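As stored in entry-v3.txt (compact mmCIF, C-alpha atoms and all ligand atoms):
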# COMPACT_ATOMS: atom_id res chain seq x y z
CA MET A 292 84.99 98.78 79.94
CA GLN A 293 88.07 97.06 78.58
CA ILE A 294 90.92 98.68 80.48
CA GLU A 295 94.47 97.47 80.19
CA ARG A 296 95.84 99.44 83.12
CA ALA A 297 95.99 102.74 84.96
CA ILE A 298 99.00 104.37 86.57
CA THR A 299 99.23 107.36 88.87
CA GLY A 300 102.14 109.79 89.09
CA VAL A 301 102.53 110.13 85.32
CA THR A 302 104.09 113.49 84.39
CA THR A 303 104.63 112.89 80.66
CA LEU A 304 101.06 112.71 79.28
CA GLY A 305 99.69 116.12 80.17
CA PRO A 306 100.49 118.75 82.79
CA GLY A 307 101.07 117.87 86.41
CA SER A 308 101.03 114.50 88.09
CA ARG A 309 98.27 112.49 86.45
CA LEU A 310 96.31 109.30 86.58
CA VAL A 311 96.55 107.74 83.11
CA VAL A 312 94.09 105.09 81.97
CA TRP A 313 94.90 102.93 78.92
CA VAL A 314 91.97 101.18 77.27
CA ASN A 315 92.01 98.17 74.98
CA GLY A 316 90.97 98.00 71.36
CA CYS A 317 91.76 100.05 68.27
CA PRO A 318 91.07 99.01 64.67
CA ARG A 319 93.18 101.74 63.11
CA ARG A 320 96.54 99.95 62.83
CA CYS A 321 98.61 103.11 62.35
CA LYS A 322 102.08 102.31 61.04
CA GLY A 323 104.52 102.71 63.91
CA CYS A 324 101.72 102.61 66.51
CA VAL A 325 103.15 103.29 69.93
CA SER A 326 100.71 100.90 71.60
CA PRO A 327 100.42 97.83 69.37
CA ARG A 328 99.63 95.62 72.34
CA LEU A 329 96.49 97.67 72.96
CA GLN A 330 95.07 97.33 69.45
CA ALA A 331 93.39 93.99 70.14
CA SER A 332 90.09 93.75 71.93
CA ALA A 333 90.62 92.28 75.41
CA PRO A 334 87.41 90.84 76.89
CA GLN A 335 89.46 89.48 79.81
CA ASN A 336 90.05 93.10 80.83
CA GLU A 337 86.37 93.98 81.00
CA ARG A 338 85.86 95.93 84.23
CA ASP A 339 83.21 98.04 85.86
CA VAL A 340 84.67 101.44 85.17
CA ILE A 341 83.42 103.09 88.37
CA ALA A 342 84.64 100.26 90.61
CA PHE A 343 87.95 100.40 88.80
CA LEU A 344 88.36 104.15 89.34
CA ARG A 345 87.43 103.88 93.01
CA GLN A 346 90.81 102.23 93.59
CA PHE A 347 92.54 105.56 93.06
CA ASP A 348 92.82 108.61 95.27
CA LEU A 349 91.60 111.25 92.85
CA SER A 350 92.15 114.07 95.34
CA ASP A 351 95.83 113.49 94.80
CA VAL A 352 95.99 113.94 91.00
CA ASP A 353 96.38 117.10 88.91
CA GLY A 354 94.42 115.56 86.06
CA VAL A 355 93.42 112.36 84.31
CA THR A 356 94.50 111.25 80.84
CA VAL A 357 92.64 108.57 78.89
CA SER A 358 94.58 106.86 76.13
CA GLY A 359 94.75 103.53 74.42
CA GLY A 360 93.83 101.89 72.23
CA GLU A 361 90.86 103.95 71.12
CA PRO A 362 88.75 105.38 73.96
CA PHE A 363 85.89 106.30 71.60
CA LEU A 364 85.30 102.66 70.71
CA GLN A 365 83.75 102.27 74.17
CA THR A 366 81.97 105.57 74.24
CA GLU A 367 79.15 104.73 76.66
CA GLU A 368 81.69 103.53 79.19
CA LEU A 369 83.95 106.47 78.47
CA LEU A 370 81.04 108.76 79.26
CA ARG A 371 80.49 106.98 82.58
CA MET A 372 84.17 107.42 83.31
CA VAL A 373 84.39 111.13 82.59
CA ARG A 374 81.14 111.89 84.42
CA TYR A 375 82.39 110.02 87.46
CA LEU A 376 85.71 111.88 87.32
CA ARG A 377 83.88 115.22 87.11
CA GLY A 378 81.71 114.19 90.02
CA GLN A 379 84.85 113.50 92.04
CA GLY A 380 86.15 117.00 91.35
CA VAL A 381 88.71 116.21 88.65
CA GLU A 382 89.10 119.48 86.73
CA ASP A 383 91.45 118.41 83.96
CA ILE A 384 90.49 115.44 81.78
CA LEU A 385 92.53 114.83 78.64
CA VAL A 386 91.45 112.20 76.09
CA TYR A 387 93.48 110.91 73.13
CA THR A 388 91.69 109.57 70.05
CA GLY A 389 92.58 108.42 66.56
CA TYR A 390 89.34 109.95 65.27
CA THR A 391 89.28 113.60 64.30
CA LEU A 392 87.02 115.93 66.22
CA GLY A 393 84.97 116.36 63.02
CA GLU A 394 84.46 112.62 62.75
CA LEU A 395 83.32 112.43 66.36
CA ARG A 396 80.88 115.31 65.96
CA ALA A 397 79.53 113.74 62.76
CA ARG A 398 78.47 110.68 64.72
CA HIS A 399 75.57 112.72 66.14
CA ASP A 400 75.66 110.37 69.05
CA VAL A 401 74.50 111.29 72.53
CA ALA A 402 77.34 109.50 74.32
CA THR A 403 80.03 110.97 72.07
CA ASP A 404 78.61 114.47 72.48
CA GLY A 405 78.39 113.88 76.23
CA VAL A 406 82.07 112.97 76.42
CA LEU A 407 83.09 115.99 74.34
CA ALA A 408 81.05 118.24 76.62
CA ALA A 409 82.57 116.79 79.79
CA ILE A 410 86.28 116.63 78.98
CA SER A 411 88.83 119.42 79.12
CA VAL A 412 91.12 118.59 76.23
CA LEU A 413 90.95 116.30 73.20
CA ILE A 414 94.01 115.34 71.17
CA ASP A 415 92.73 113.92 67.93
CA GLY A 416 93.76 112.23 64.72
CA PRO A 417 95.60 109.06 63.79
CA TYR A 418 99.29 108.66 64.44
CA ARG A 419 101.34 109.19 61.26
CA GLU A 420 104.85 107.91 61.60
CA GLU A 421 106.17 110.15 58.81
CA GLU A 422 104.84 113.20 60.67
CA ASN A 423 106.47 112.39 63.98
CA SER A 424 108.89 115.30 63.87
CA GLY A 425 109.81 115.02 67.53
CA LYS A 426 108.29 118.45 68.18
CA GLY A 427 105.82 119.00 70.97
CA ASN A 428 105.17 116.82 73.99
CA LEU A 429 101.41 116.41 73.61
CA LYS A 430 101.05 115.11 70.06
CA GLY A 431 102.60 111.97 68.61
CA SER A 432 102.60 113.38 65.08
CA ASP A 433 102.18 116.84 63.64
CA ASN A 434 98.80 116.11 61.94
CA GLN A 435 97.15 115.70 65.34
CA CYS A 436 95.44 118.66 67.00
CA VAL A 437 95.16 119.75 70.61
CA HIS A 438 91.61 120.98 71.28
CA ILE A 439 91.33 122.83 74.57
CA PHE A 440 87.66 122.99 75.54
CA GLN A 441 88.23 124.48 78.97
CA GLU A 442 89.67 127.93 78.49
CA GLU A 443 90.99 128.26 82.04
CA LEU A 444 93.37 125.38 81.36
CA ARG A 445 94.89 126.92 78.23
CA ALA A 446 97.84 128.61 79.93
CA ARG A 447 98.65 125.45 81.83
CA TYR A 448 98.70 123.36 78.66
CA GLU A 449 100.65 125.96 76.72
CA ALA A 450 103.30 126.05 79.46
CA TYR A 451 103.47 122.27 79.53
CA SER A 452 103.78 122.05 75.75
CA ARG A 453 106.95 124.15 75.85
CA GLU A 454 108.72 121.40 77.81
CA GLU A 455 110.84 118.77 76.07
CA ARG A 456 109.38 115.34 75.33
CA ALA A 457 110.19 112.82 78.01
CA MET A 458 109.45 109.17 78.64
CA GLN A 459 108.74 107.82 82.10
CA GLU A 460 109.22 104.14 82.79
CA PHE A 461 107.15 102.09 85.21
CA HIS A 462 108.04 98.54 86.13
CA LEU A 463 104.87 96.54 86.65
CA GLY A 464 105.07 92.92 87.71
CA GLY A 465 107.59 91.71 85.21
CA TYR A 466 107.17 94.14 82.35
CA THR A 467 107.94 97.78 81.67
CA VAL A 468 105.53 100.49 80.65
CA ALA A 469 106.96 103.65 79.15
CA ALA A 470 104.54 106.58 79.36
CA GLY A 471 104.88 109.70 77.26
CA ILE A 472 105.11 110.94 73.68
CA PRO A 473 107.99 109.05 72.10
CA THR A 474 110.15 110.09 69.20
CA ALA A 475 110.20 107.84 66.14
CA GLN A 476 113.65 106.67 67.21
CA TYR A 477 112.37 105.72 70.65
CA ILE A 478 109.49 103.75 69.13
CA ALA A 479 111.84 101.91 66.78
CA ALA A 480 114.21 101.04 69.60
CA PHE A 481 111.78 100.27 72.38
CA CYS A 482 108.16 99.87 71.46
CA ARG A 483 108.29 96.83 69.19
CA ASP A 484 109.34 94.43 71.91
CA GLU A 485 108.16 96.01 75.12
CA ASP A 486 104.80 97.04 76.31
CA ASN A 487 104.41 100.76 76.42
CA GLY A 488 102.02 103.44 77.32
CA GLY A 489 102.83 106.28 75.06
CA LYS A 490 100.31 107.58 72.62
S1 LIG B 501 98.53 104.91 67.25
FE1 LIG B 501 96.63 105.10 68.46
S2 LIG B 501 95.03 105.33 66.88
FE2 LIG B 501 96.82 104.44 65.84
S3 LIG B 501 96.59 102.19 65.92
FE3 LIG B 501 97.81 102.81 67.70
S4 LIG B 501 96.31 103.06 69.36
FE4 LIG B 501 95.18 103.12 67.42
Let me see the file written as structure tokens.
Ligand code: SF4
Amino acid sequence: MQIERAITGVTTLGPGSRLVVWVNGCPRRCKGCVSPRLQASAPQNERDVIAFLRQFDLSDVDGVTVSGGEPFLQTEELLRMVRYLRGQGVEDILVYTGYTLGELRARHDVATDGVLAAISVLIDGPYREEENSGKGNLKGSDNQCVHIFQEELRARYEAYSREERAMQEFHLGGYTVAAGIPTAQYIAAFCRDEDNGGK
């Protein structure tokens, strides 16, 4: 799987302290994309997804978030990832996608259906700059939807979504990653020149 990076201790992309995985590749080219660096395919980042995840202590995380890029471009590998995470006891798996849930279901694809059955929450739809109202700390723009598949997590997500948006910065070997749901102003000021890990 083409994976740009993963960071633990992220508190701005879902409830609790999370492992966040950013994948490479997205053809969508949304105006104002928060992750332009991750749009390109990156064969140099091809990794065995299970070996990659084994680097992390999953007993220590409150959940895992998968973002990008577009996770559903590498659906077979995404399925391996979420099944492994479930097998390791991760109870909260959140995936971001630029596809809508309807588009994913219309694929009638075993791997896609497998991912949707295994994850806890899907946040779907393309980023629309003009609909980034700054409201809500789970969605980048108001057209996106939060689909909670695991009912026991609903209260946790609803409580989290009442918190203000925040960005968390990580300094990684010479460059900065900012994780979270940025406002349009933040994107304009920060995300054009720096790498970032918002959605
Ligand atoms: S905002 Fe998300 S869906 Fe849109 S181009 Fe960027 S990575 Fe792709």
Would you compute the box with edges along x, y and z of the file around ligand LIG 501 (chain B), including every atom the file lists for it and 3 Å extra on each side, and give its centre and edge lengths in Å to one decimal, as JSON?
{"center_x": 96.8, "center_y": 103.8, "center_z": 67.6, "size_x": 9.5, "size_y": 9.1, "size_z": 9.5}
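Around A:Leu364, within 9 Å and counting only C-alpha atoms, the residues found are A:Gly316, A:Cys317, A:Gly360, A:Glu361, A:Glu367, A:Leu369, once anything fewer than 3 positions away on its own chain is removed.
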Residues within 12 Å of A:Gly427, only C-alpha atoms, excluding chain neighbours under 6 positions, as a ChimeraX atom specification: /A:303-305,433-437,448-457,471-474
Close residues to ligand LIG 501 (chain B) using all atoms listed in the file, limit 8 Å, as a count of residues only: 26
Distance query 7 Å from (92.0, 118.2, 84.1) using only C-alpha atoms, result as an NGL selection string: :A and (353-355 or 381-385 or 411)
Contact residues around A:Asp348 with all atoms listed in the file at 12 Å, ignoring same-chain residues under 4 positions, as a VMD selection string: chain A and resid 298 to 300 309 to 310 343 to 344 352 to 355 376 379 to 381
Need the shell around A:Ile439: protein/DNA/RNA residues with any atom at most 9 Å away, counting all atoms listed in the file. Skip same-chain ones fewer than 3 positions apart. Format as a CSV table (one decimal) with C-alpha atoms, in the frame of the given file?
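What ended up in around-v3.csv:
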chain,number,residue,atom,x,y,z
A,411,SER,CA,88.8,119.4,79.1
A,412,VAL,CA,91.1,118.6,76.2
A,413,LEU,CA,91.0,116.3,73.2
A,414,ILE,CA,94.0,115.3,71.2
A,442,GLU,CA,89.7,127.9,78.5
A,444,LEU,CA,93.4,125.4,81.4
A,445,ARG,CA,94.9,126.9,78.2
A,448,TYR,CA,98.7,123.4,78.7
Interatomic distance, atom CA of A:Ile478 to atom CA of A:Leu463 (Å, one decimal):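 A separation of 19.5 Å between them.
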Contacts of A:Arg374 at 9 Å (all atoms listed in the file; same-chain gap of 2+ positions) as a VMD selection string: chain A and resid 369 to 372 376 to 379 405 to 406 409 to 410
Would you output that residue set with C-alpha atoms, as a short mmCIF file (atom, residue, chain, number, x, y, z; two decimals), in the frame of the given file?
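Final output, result_12.cif:
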data_model
loop_
_atom_site.label_atom_id
_atom_site.label_comp_id
_atom_site.auth_asym_id
_atom_site.auth_seq_id
_atom_site.Cartn_x
_atom_site.Cartn_y
_atom_site.Cartn_z
CA LEU A 369 83.95 106.47 78.47
CA LEU A 370 81.04 108.76 79.26
CA ARG A 371 80.49 106.98 82.58
CA MET A 372 84.17 107.42 83.31
CA LEU A 376 85.71 111.88 87.32
CA ARG A 377 83.88 115.22 87.11
CA GLY A 378 81.71 114.19 90.02
CA GLN A 379 84.85 113.50 92.04
CA GLY A 405 78.39 113.88 76.23
CA VAL A 406 82.07 112.97 76.42
CA ALA A 409 82.57 116.79 79.79
CA ILE A 410 86.28 116.63 78.98
#
Given all atoms listed in the file as the counted atoms, nearest of A:Gln441, A:Gln459, A:Ser332, A:Gln293 to A:Ala408: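 Answer, going by the shortest atom-to-atom distance: A:Gln441.
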Atom CA of A:Glu460 to atom CA of A:Ala475, distance in Å rounded to a single decimal: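 Answer for the atom CA of A:Glu460 to atom CA of A:Ala475 separation: 17.1 Å.
Distance-wise, atom CA of A:Phe363 and atom CA of A:Gln335 end up 19.1 Å apart.
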Among the residues A:Asp415, A:Arg338, A:Ala297, A:Ala469, the one that comes closest to A:Gly393 [using all atoms listed in the file]: A:Asp415
Distance criterion (all atoms listed in the file): nearest to A:Asn336 out of A:Glu443, A:Asp400, A:Glu420, A:Glu295: A:Glu295
